[in-house]
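*Asks:* Provided herewith: work14.pdb, PDB, C-alpha atoms.
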```pdb
ATOM      1  CA  MET A   1     -98.704  59.529 -64.187
ATOM      2  CA  ASN A   2    -101.839  61.441 -65.198
ATOM      3  CA  GLY A   3    -101.013  64.361 -62.941
ATOM      4  CA  THR A   4    -100.634  62.236 -59.781
ATOM      5  CA  GLN A   5     -97.601  60.950 -57.948
ATOM      6  CA  SER A   6     -97.241  57.877 -55.781
ATOM      7  CA  ILE A   7     -95.406  57.863 -52.447
ATOM      8  CA  ASP A   8     -92.632  55.276 -52.663
ATOM      9  CA  ALA A   9     -91.995  55.054 -48.921
ATOM     10  CA  PRO A  10     -95.006  56.385 -46.970
ATOM     11  CA  TRP A  11     -94.089  57.363 -43.427
ATOM     12  CA  GLY A  12     -96.118  60.360 -42.331
ATOM     13  CA  ILE A  13     -96.972  63.950 -43.219
ATOM     14  CA  SER A  14     -94.459  66.282 -44.857
ATOM     15  CA  VAL A  15     -95.309  69.995 -44.989
ATOM     16  CA  PHE A  16     -93.661  73.210 -46.077
ATOM     17  CA  GLY A  17     -93.862  76.309 -43.882
ATOM     18  CA  ALA A  18     -92.775  79.836 -44.785
ATOM     19  CA  ALA A  19     -92.724  83.215 -43.104
ATOM     20  CA  SER A  20     -91.376  86.698 -43.656
ATOM     21  CA  VAL A  21     -90.416  89.428 -41.196
ATOM     22  CA  ASP A  22     -90.366  93.072 -42.327
ATOM     23  CA  ALA A  23     -88.117  95.834 -41.032
ATOM     24  CA  PRO A  24     -87.189  99.338 -42.223
ATOM     25  CA  PRO A  25     -83.748  99.454 -43.864
ATOM     26  CA  ASP A  26     -80.924 100.980 -41.839
ATOM     27  CA  LEU A  27     -78.041 100.274 -44.221
ATOM     28  CA  ALA A  28     -77.319 101.014 -47.888
ATOM     29  CA  ARG A  29     -74.507  99.863 -50.159
ATOM     30  CA  LEU A  30     -73.824 102.216 -53.036
ATOM     31  CA  ARG A  31     -72.019 100.587 -55.977
ATOM     32  CA  VAL A  32     -70.258 103.001 -58.336
ATOM     33  CA  ALA A  33     -67.244 102.940 -60.633
ATOM     34  CA  ILE A  34     -64.842 105.195 -62.493
ATOM     35  CA  GLU A  35     -64.091 104.271 -66.088
ATOM     36  CA  GLN A  36     -61.615 106.323 -68.115
ATOM     37  CA  THR A  37     -60.066 105.723 -71.541
ATOM     38  CA  ARG A  38     -56.804 107.279 -72.690
ATOM     39  CA  GLN A  39     -54.371 106.603 -75.517
ATOM     40  CA  LYS A  40     -51.542 105.668 -73.177
ATOM     41  CA  PRO A  41     -51.831 103.251 -70.229
ATOM     42  CA  GLY A  42     -50.021 105.605 -67.863
ATOM     43  CA  GLU A  43     -52.484 108.395 -68.654
ATOM     44  CA  ALA A  44     -55.450 106.068 -68.064
ATOM     45  CA  PHE A  45     -54.020 105.031 -64.692
ATOM     46  CA  GLU A  46     -53.309 108.614 -63.696
ATOM     47  CA  VAL A  47     -56.728 110.057 -64.487
ATOM     48  CA  THR A  48     -58.516 107.123 -62.843
ATOM     49  CA  ARG A  49     -56.330 107.281 -59.748
ATOM     50  CA  GLY A  50     -57.132 110.987 -59.487
ATOM     51  CA  GLY A  51     -60.830 110.179 -59.583
ATOM     52  CA  VAL A  52     -60.382 107.566 -56.858
ATOM     53  CA  ASN A  53     -58.729 110.132 -54.608
ATOM     54  CA  ARG A  54     -61.467 112.712 -55.250
ATOM     55  CA  ILE A  55     -64.206 110.214 -54.424
ATOM     56  CA  ARG A  56     -62.466 109.217 -51.205
ATOM     57  CA  GLU A  57     -62.215 112.867 -50.182
ATOM     58  CA  VAL A  58     -65.912 113.417 -50.933
ATOM     59  CA  VAL A  59     -66.869 110.365 -48.892
ATOM     60  CA  ARG A  60     -64.703 111.467 -45.958
ATOM     61  CA  GLY A  61     -66.347 114.890 -46.164
ATOM     62  CA  HIS A  62     -69.666 113.241 -45.393
ATOM     63  CA  GLY A  63     -68.211 111.623 -42.277
ATOM     64  CA  ILE A  64     -68.071 108.140 -43.795
ATOM     65  CA  PRO A  65     -65.020 106.232 -42.491
ATOM     66  CA  ASP A  66     -62.520 104.654 -44.863
ATOM     67  CA  SER A  67     -63.463 101.244 -43.446
ATOM     68  CA  ALA A  68     -66.932 101.672 -44.988
ATOM     69  CA  VAL A  69     -65.496 102.090 -48.497
ATOM     70  CA  SER A  70     -64.262  99.093 -50.472
ATOM     71  CA  THR A  71     -62.220  99.830 -53.591
ATOM     72  CA  SER A  72     -61.234  97.316 -56.229
ATOM     73  CA  ARG A  73     -57.773  97.369 -57.788
ATOM     74  CA  LEU A  74     -57.330  99.436 -60.911
ATOM     75  CA  ASN A  75     -58.068  97.268 -63.932
ATOM     76  CA  LEU A  76     -56.600  98.085 -67.336
ATOM     77  CA  LYS A  77     -57.567  96.695 -70.731
ATOM     78  CA  SER A  78     -57.179  97.691 -74.350
ATOM     79  CA  LEU A  79     -60.347  98.900 -76.059
ATOM     80  CA  TRP A  80     -61.192  98.243 -79.703
ATOM     81  CA  THR A  81     -64.108  98.754 -82.057
ATOM     82  CA  TYR A  82     -65.322  95.727 -83.993
ATOM     83  CA  GLY A  83     -66.929  95.784 -87.389
ATOM     84  CA  ASN A  84     -65.671  96.095 -90.935
ATOM     85  CA  GLU A  85     -62.486  97.644 -89.593
ATOM     86  CA  ARG A  86     -60.932  96.933 -86.193
ATOM     87  CA  LYS A  87     -59.828 100.195 -84.606
ATOM     88  CA  PHE A  88     -57.873 100.782 -81.405
ATOM     89  CA  LEU A  89     -59.678 103.251 -79.103
ATOM     90  CA  GLY A  90     -57.246 103.366 -76.225
ATOM     91  CA  TYR A  91     -56.627 101.895 -72.790
ATOM     92  CA  GLU A  92     -59.602 101.646 -70.451
ATOM     93  CA  CYS A  93     -58.917 101.842 -66.722
ATOM     94  CA  THR A  94     -61.650 101.023 -64.211
ATOM     95  CA  ALA A  95     -61.936 101.282 -60.426
ATOM     96  CA  SER A  96     -65.056 100.136 -58.561
ATOM     97  CA  PHE A  97     -66.369 101.252 -55.171
ATOM     98  CA  VAL A  98     -68.815  99.860 -52.641
ATOM     99  CA  ILE A  99     -69.762 102.595 -50.171
ATOM    100  CA  GLU A 100     -71.652 101.507 -47.073
ATOM    101  CA  LEU A 101     -73.957 104.119 -45.572
ATOM    102  CA  ARG A 102     -75.634 103.923 -42.193
ATOM    103  CA  GLU A 103     -77.248 107.353 -42.485
ATOM    104  CA  LEU A 104     -79.810 106.858 -45.220
ATOM    105  CA  ASP A 105     -80.922 110.486 -45.190
ATOM    106  CA  ILE A 106     -77.648 111.498 -46.912
ATOM    107  CA  LEU A 107     -77.814 108.777 -49.583
ATOM    108  CA  GLU A 108     -78.965 110.977 -52.451
ATOM    109  CA  THR A 109     -76.494 113.737 -51.558
ATOM    110  CA  VAL A 110     -73.598 111.268 -51.408
ATOM    111  CA  LEU A 111     -74.624 109.751 -54.740
ATOM    112  CA  VAL A 112     -74.728 113.151 -56.453
ATOM    113  CA  ASP A 113     -71.390 114.242 -54.952
ATOM    114  CA  VAL A 114     -69.672 110.985 -55.880
ATOM    115  CA  VAL A 115     -70.846 111.283 -59.485
ATOM    116  CA  GLU A 116     -69.679 114.880 -59.642
ATOM    117  CA  ALA A 117     -66.305 113.754 -58.273
ATOM    118  CA  GLY A 118     -65.792 111.423 -61.223
ATOM    119  CA  ALA A 119     -67.829 108.250 -60.822
ATOM    120  CA  ASN A 120     -69.359 107.738 -64.264
ATOM    121  CA  GLN A 121     -71.041 104.397 -63.569
ATOM    122  CA  VAL A 122     -73.740 103.749 -60.973
ATOM    123  CA  ASP A 123     -74.310 100.007 -60.680
ATOM    124  CA  GLY A 124     -77.060 100.290 -58.101
ATOM    125  CA  VAL A 125     -78.013 100.741 -54.471
ATOM    126  CA  GLU A 126     -78.612  97.748 -52.221
ATOM    127  CA  PHE A 127     -80.613  98.239 -49.018
ATOM    128  CA  ASP A 128     -80.212  96.013 -45.997
ATOM    129  CA  VAL A 129     -80.740  95.749 -42.251
ATOM    130  CA  ARG A 130     -77.991  95.332 -39.665
ATOM    131  CA  THR A 131     -80.125  92.998 -37.550
ATOM    132  CA  LYS A 132     -80.683  90.479 -40.352
ATOM    133  CA  LYS A 133     -79.491  87.539 -38.223
ATOM    134  CA  GLU A 134     -82.097  88.274 -35.547
ATOM    135  CA  LEU A 135     -84.823  88.845 -38.142
ATOM    136  CA  ARG A 136     -83.950  85.573 -39.870
ATOM    137  CA  ALA A 137     -84.264  83.746 -36.535
ATOM    138  CA  ARG A 138     -87.740  85.221 -36.022
ATOM    139  CA  ALA A 139     -88.749  84.250 -39.569
ATOM    140  CA  ARG A 140     -87.523  80.680 -39.052
ATOM    141  CA  THR A 141     -89.492  80.359 -35.820
ATOM    142  CA  ALA A 142     -92.601  81.632 -37.587
ATOM    143  CA  ALA A 143     -91.985  79.248 -40.518
ATOM    144  CA  VAL A 144     -91.924  76.280 -38.125
ATOM    145  CA  ALA A 145     -95.210  77.463 -36.586
ATOM    146  CA  ALA A 146     -96.736  77.756 -40.072
ATOM    147  CA  ALA A 147     -95.646  74.215 -40.933
ATOM    148  CA  GLN A 148     -97.035  72.894 -37.647
ATOM    149  CA  GLU A 149    -100.391  74.590 -38.290
ATOM    150  CA  LYS A 150    -100.577  73.161 -41.796
ATOM    151  CA  ALA A 151     -99.737  69.661 -40.577
ATOM    152  CA  ASP A 152    -102.408  69.887 -37.868
ATOM    153  CA  LEU A 153    -105.027  70.750 -40.505
ATOM    154  CA  TYR A 154    -104.008  67.826 -42.738
ATOM    155  CA  ALA A 155    -104.035  65.404 -39.830
ATOM    156  CA  GLU A 156    -107.460  66.562 -38.654
ATOM    157  CA  ALA A 157    -108.875  66.301 -42.175
ATOM    158  CA  ALA A 158    -107.453  62.790 -42.532
ATOM    159  CA  GLY A 159    -108.723  61.660 -39.129
ATOM    160  CA  VAL A 160    -105.275  60.941 -37.674
ATOM    161  CA  ARG A 161    -103.035  62.480 -35.040
ATOM    162  CA  LEU A 162     -99.554  63.851 -35.505
ATOM    163  CA  GLY A 163     -96.679  61.985 -33.962
ATOM    164  CA  PRO A 164     -93.145  63.247 -33.253
ATOM    165  CA  VAL A 165     -91.152  65.265 -35.776
ATOM    166  CA  VAL A 166     -88.922  62.923 -37.777
ATOM    167  CA  HIS A 167     -87.451  65.292 -40.370
ATOM    168  CA  ILE A 168     -86.578  68.995 -40.597
ATOM    169  CA  LYS A 169     -85.064  70.592 -43.707
ATOM    170  CA  ASP A 170     -84.144  74.252 -44.024
ATOM    171  CA  VAL A 171     -85.020  75.953 -47.310
ATOM    172  CA  ASP A 172     -82.255  78.174 -48.676
ATOM    173  CA  SER A 173     -83.016  81.902 -48.313
ATOM    174  CA  GLU A 174     -82.071  82.601 -51.947
ATOM    175  CA  GLN A 175     -84.607  80.021 -53.058
ATOM    176  CA  MET A 176     -87.148  81.586 -50.716
ATOM    177  CA  ARG A 177     -86.801  84.962 -52.426
ATOM    178  CA  ASN A 178     -87.770  83.354 -55.716
ATOM    179  CA  SER A 179     -90.559  81.094 -54.469
ATOM    180  CA  TYR A 180     -92.169  82.821 -51.508
ATOM    181  CA  ARG A 181     -93.942  86.056 -52.378
ATOM    182  CA  SER A 182     -96.425  86.774 -49.591
ATOM    183  CA  HIS A 183     -94.369  89.895 -48.857
ATOM    184  CA  SER A 184     -92.418  92.162 -51.180
ATOM    185  CA  GLY A 185     -88.872  90.830 -51.536
ATOM    186  CA  GLY A 186     -87.175  94.159 -52.149
ATOM    187  CA  GLY A 187     -89.176  96.567 -50.040
ATOM    188  CA  GLY A 188     -92.260  98.675 -50.387
ATOM    189  CA  ASP A 189     -92.880 102.206 -51.534
ATOM    190  CA  GLY A 190     -90.470 104.882 -50.461
ATOM    191  CA  GLY A 191     -93.360 106.999 -49.215
ATOM    192  CA  ASP A 192     -91.757 110.350 -50.051
ATOM    193  CA  GLY A 193     -90.439 109.588 -53.518
ATOM    194  CA  ASP A 194     -86.860 109.085 -52.323
ATOM    195  CA  LEU A 195     -84.503 106.200 -53.043
ATOM    196  CA  THR A 196     -85.143 104.344 -49.793
ATOM    197  CA  PRO A 197     -87.608 101.424 -49.802
ATOM    198  CA  GLY A 198     -90.225 101.339 -47.090
ATOM    199  CA  LYS A 199     -89.219  97.920 -45.811
ATOM    200  CA  ILE A 200     -86.868  94.984 -46.176
ATOM    201  CA  SER A 201     -88.376  91.501 -46.000
ATOM    202  CA  VAL A 202     -86.340  88.677 -44.469
ATOM    203  CA  SER A 203     -87.844  85.297 -45.330
ATOM    204  CA  ALA A 204     -87.353  81.732 -44.148
ATOM    205  CA  GLY A 205     -88.781  78.373 -45.070
ATOM    206  CA  VAL A 206     -88.715  74.874 -43.676
ATOM    207  CA  VAL A 207     -89.907  71.405 -44.615
ATOM    208  CA  ILE A 208     -90.974  69.323 -41.605
ATOM    209  CA  GLY A 209     -91.941  65.668 -41.550
ATOM    210  CA  PHE A 210     -94.262  64.329 -38.840
ATOM    211  CA  SER A 211     -94.990  60.726 -38.038
ATOM    212  CA  ILE A 212     -98.657  59.690 -37.885
ATOM    213  CA  ILE A 213    -100.532  58.127 -35.017
ATOM    214  CA  GLY A 214    -103.770  56.403 -35.880
ATOM    215  CA  GLY A 215    -106.943  58.279 -35.038
TER
END
```
Is it possible to express this structure as structure tokens?
*Replies:*
Amino acid sequence: MNGTQSIDAPWGISVFGAASVDAPPDLARLRVAIEQTRQKPGEAFEVTRGGVNRIREVVRGHGIPDSAVSTSRLNLKSLWTYGNERKFLGYECTASFVIELRELDILETVLVDVVEAGANQVDGVEFDVRTKKELRARARTAAVAAAQEKADLYAEAAGVRLGPVVHIKDVDSEQMRNSYRSHSGGGGDGGDGDLTPGKISVSAGVVIGFSIIGG
């Protein structure tokens, strides 16, 4: 339509508001795994189970409770090479961990010790905040205020007045992370060159529809 769109059912002003609230992280989830390959399935289970026990002992040594460590079941699969000749390599046994840390100053030490204890895969570190629900509420309140301000500007420019709110639609937070970039989505600089981001951004968005009263 030559770059324009018509409004099928005009009824008022619809605006999008977004906001983001920043906070320093106070929680980290460390994702690691043990992966071992042996010629016999029993041997693969045994060596992997030994690694699981060593990692649990290391974690306990840092004062991290067992409730903060999630372990997947041991998974076993046969491993083959593929090419001109298919060759059996052995049985691969894998166990994955998610370790939740509330003392971020020991993160790097725990990571090193866990790797030395047998974790040969590091899938990443996810930072978070324990007060995310409260931060999300603040972001939503600010998003509504942003939408209200935008609607006021449109109404003033059009020479009309805003009427009551007739429609409110929440915008999914996952979608917000992809579309709203006024703040860093994953945190800022660590500041001291460590693994911890400077901040976590919690975003919210809303679409609000206002009726119009003639000017």
*Asks:* For atom CA of A:Glu35 and atom CA of A:Asn120, determine how far apart the two atoms are, in Å to one decimal place.
*Replies:*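 So the answer is 6.6 Å.
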*Asks:* With all atoms listed in the file as the basis for distance, which of A:Thr81, A:Phe127, A:Ala68, A:Val52 is at the shortest distance from A:Cys93?
*Replies:* A:Val52
*Asks:* Expand the PyMOL selection byres ((chain A and resi 15) around 6) into the explicit residue set it covers here, and present it as a PyMOL selection string.
*Replies:* chain A and resi 14+16+147+207-208
*Asks:* Keeping C-alpha atoms for every residue in the selection just given, could you write it to a file as a tab-separated table (two decimals), in the coordinates of the input?
*Replies:*
```tsv
chain	number	residue	atom	x	y	z
A	14	SER	CA	-94.46	66.28	-44.86
A	16	PHE	CA	-93.66	73.21	-46.08
A	147	ALA	CA	-95.65	74.22	-40.93
A	207	VAL	CA	-89.91	71.40	-44.62
A	208	ILE	CA	-90.97	69.32	-41.60
```
*Asks:* Within 12 Å of A:Glu149, counting only C-alpha atoms, which residues show up once you throw out same-chain ones fewer than 4 positions away? Write them as a short mmCIF file (atom, residue, chain, number, x, y, z; two decimals) with C-alpha atoms, in the frame of the given file, please.
*Replies:*
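Now in part23.cif:
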```
data_model
loop_
_atom_site.label_atom_id
_atom_site.label_comp_id
_atom_site.auth_asym_id
_atom_site.auth_seq_id
_atom_site.Cartn_x
_atom_site.Cartn_y
_atom_site.Cartn_z
CA VAL A 15 -95.31 70.00 -44.99
CA PHE A 16 -93.66 73.21 -46.08
CA GLY A 17 -93.86 76.31 -43.88
CA ALA A 18 -92.78 79.84 -44.78
CA ALA A 142 -92.60 81.63 -37.59
CA ALA A 143 -91.98 79.25 -40.52
CA VAL A 144 -91.92 76.28 -38.12
CA ALA A 145 -95.21 77.46 -36.59
CA LEU A 153 -105.03 70.75 -40.51
CA TYR A 154 -104.01 67.83 -42.74
CA ALA A 155 -104.04 65.40 -39.83
CA GLU A 156 -107.46 66.56 -38.65
CA LEU A 162 -99.55 63.85 -35.51
CA ILE A 208 -90.97 69.32 -41.60
CA PHE A 210 -94.26 64.33 -38.84
#
```
*Asks:* So how many Å separate atom CA of A:Ser201 and atom CA of A:Asp152, to one decimal?
*Replies:* 27.0 Å
*Asks:* In terms of the shortest atom-to-atom distance over all atoms listed in the file, which of A:Thr109, A:Thr71, A:Thr131, A:Gln36 is closest to A:Glu92?
*Replies:*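 Of the candidates, the smallest distance to A:Glu92 is held by A:Gln36.
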*Asks:* If I take atom CA of A:Leu74 and atom CA of A:His62, how far is one from the other in Å, to one decimal?
*Replies:* 24.2 Å
*Asks:* So, counting all atoms listed in the file, which residue among A:Val110, A:Lys87, A:Ile213, A:Gly61 is closest to A:Val160?
*Replies:*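 Looking only at the distances to A:Val160, the closest residue turns out to be A:Ile213.
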*Asks:* Under the rule that only C-alpha atoms are counted, which of A:Val171, A:Val98, A:Val165, A:Ala137 is the nearest residue to A:Val59?
*Replies:*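 Counting only C-alpha atoms, the residue closest to A:Val59 is A:Val98.
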*Asks:* List as a VMD selection string: which residues have an atom within 12 Å of (-56.6, 109.2, -62.5), counting all atoms listed in the file?
*Replies:* chain A and resid 34 to 38 41 to 55 74 92 to 95 117 to 119
*Asks:* Store the residues picked out above in a file with C-alpha atoms, as a tab-separated table (two decimals), in the coordinates of the input.
*Replies:*
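Wrote it out as result.tsv, contents follow:
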```tsv
chain	number	residue	atom	x	y	z
A	34	ILE	CA	-64.84	105.20	-62.49
A	35	GLU	CA	-64.09	104.27	-66.09
A	36	GLN	CA	-61.62	106.32	-68.11
A	37	THR	CA	-60.07	105.72	-71.54
A	38	ARG	CA	-56.80	107.28	-72.69
A	41	PRO	CA	-51.83	103.25	-70.23
A	42	GLY	CA	-50.02	105.60	-67.86
A	43	GLU	CA	-52.48	108.40	-68.65
A	44	ALA	CA	-55.45	106.07	-68.06
A	45	PHE	CA	-54.02	105.03	-64.69
A	46	GLU	CA	-53.31	108.61	-63.70
A	47	VAL	CA	-56.73	110.06	-64.49
A	48	THR	CA	-58.52	107.12	-62.84
A	49	ARG	CA	-56.33	107.28	-59.75
A	50	GLY	CA	-57.13	110.99	-59.49
A	51	GLY	CA	-60.83	110.18	-59.58
A	52	VAL	CA	-60.38	107.57	-56.86
A	53	ASN	CA	-58.73	110.13	-54.61
A	54	ARG	CA	-61.47	112.71	-55.25
A	55	ILE	CA	-64.21	110.21	-54.42
A	74	LEU	CA	-57.33	99.44	-60.91
A	92	GLU	CA	-59.60	101.65	-70.45
A	93	CYS	CA	-58.92	101.84	-66.72
A	94	THR	CA	-61.65	101.02	-64.21
A	95	ALA	CA	-61.94	101.28	-60.43
A	117	ALA	CA	-66.31	113.75	-58.27
A	118	GLY	CA	-65.79	111.42	-61.22
A	119	ALA	CA	-67.83	108.25	-60.82
```
*Asks:* Looking at only C-alpha atoms, which of A:Ala151, A:Val69, A:Leu89, A:Ala157 is the one that sits closest to A:Ser211?
*Replies:*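 Smallest separation from A:Ser211 among the options: A:Ala151.
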*Asks:* Taking (-75.2, 111.7, -45.9) in the file's coordinates, which residues come within 12 Å, counting all atoms listed in the file, written as a list of chain:residue names?
*Replies:*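 Nearby residues: A:Leu27, A:Ala28, A:Leu30, A:Val58, A:Val59, A:Arg60, A:Gly61, A:His62, A:Gly63, A:Ile64, A:Ile99, A:Glu100, A:Leu101, A:Arg102, A:Glu103, A:Leu104, A:Asp105, A:Ile106, A:Leu107, A:Glu108, A:Thr109, A:Val110, A:Leu111, A:Val112, A:Asp113, A:Val114.
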*Asks:* I need the residue nearest A:Arg56 from this list: A:Ala23, A:Phe97, A:Ser72, A:Glu85. Use only C-alpha atoms for the distance.
*Replies:*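 Going through A:Ala23, A:Phe97, A:Ser72, A:Glu85 one by one, the smallest distance to A:Arg56 is for A:Phe97.
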*Asks:* Excluding A:Val32 and its own-chain neighbours fewer than 2 positions away, which residues fall within 6 Å of it when counting all atoms listed in the file? Please give them as a list in words.
*Replies:*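 The residues that qualify are Ser96, Phe97, Gln121, Val122 and Asp123 of chain A.
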*Asks:* Hey, could you pull the box centre and edge lengths for stretch 87-91 of chain A, axis-aligned, 6 Å padding per side, all listed atoms, to one decimal in Å, as lines of an AutoDock Vina configuration file?
*Replies:*
```
center_x = -58.2
center_y = 101.8
center_z = -78.7
size_x = 15.2
size_y = 15.2
size_z = 23.8
```
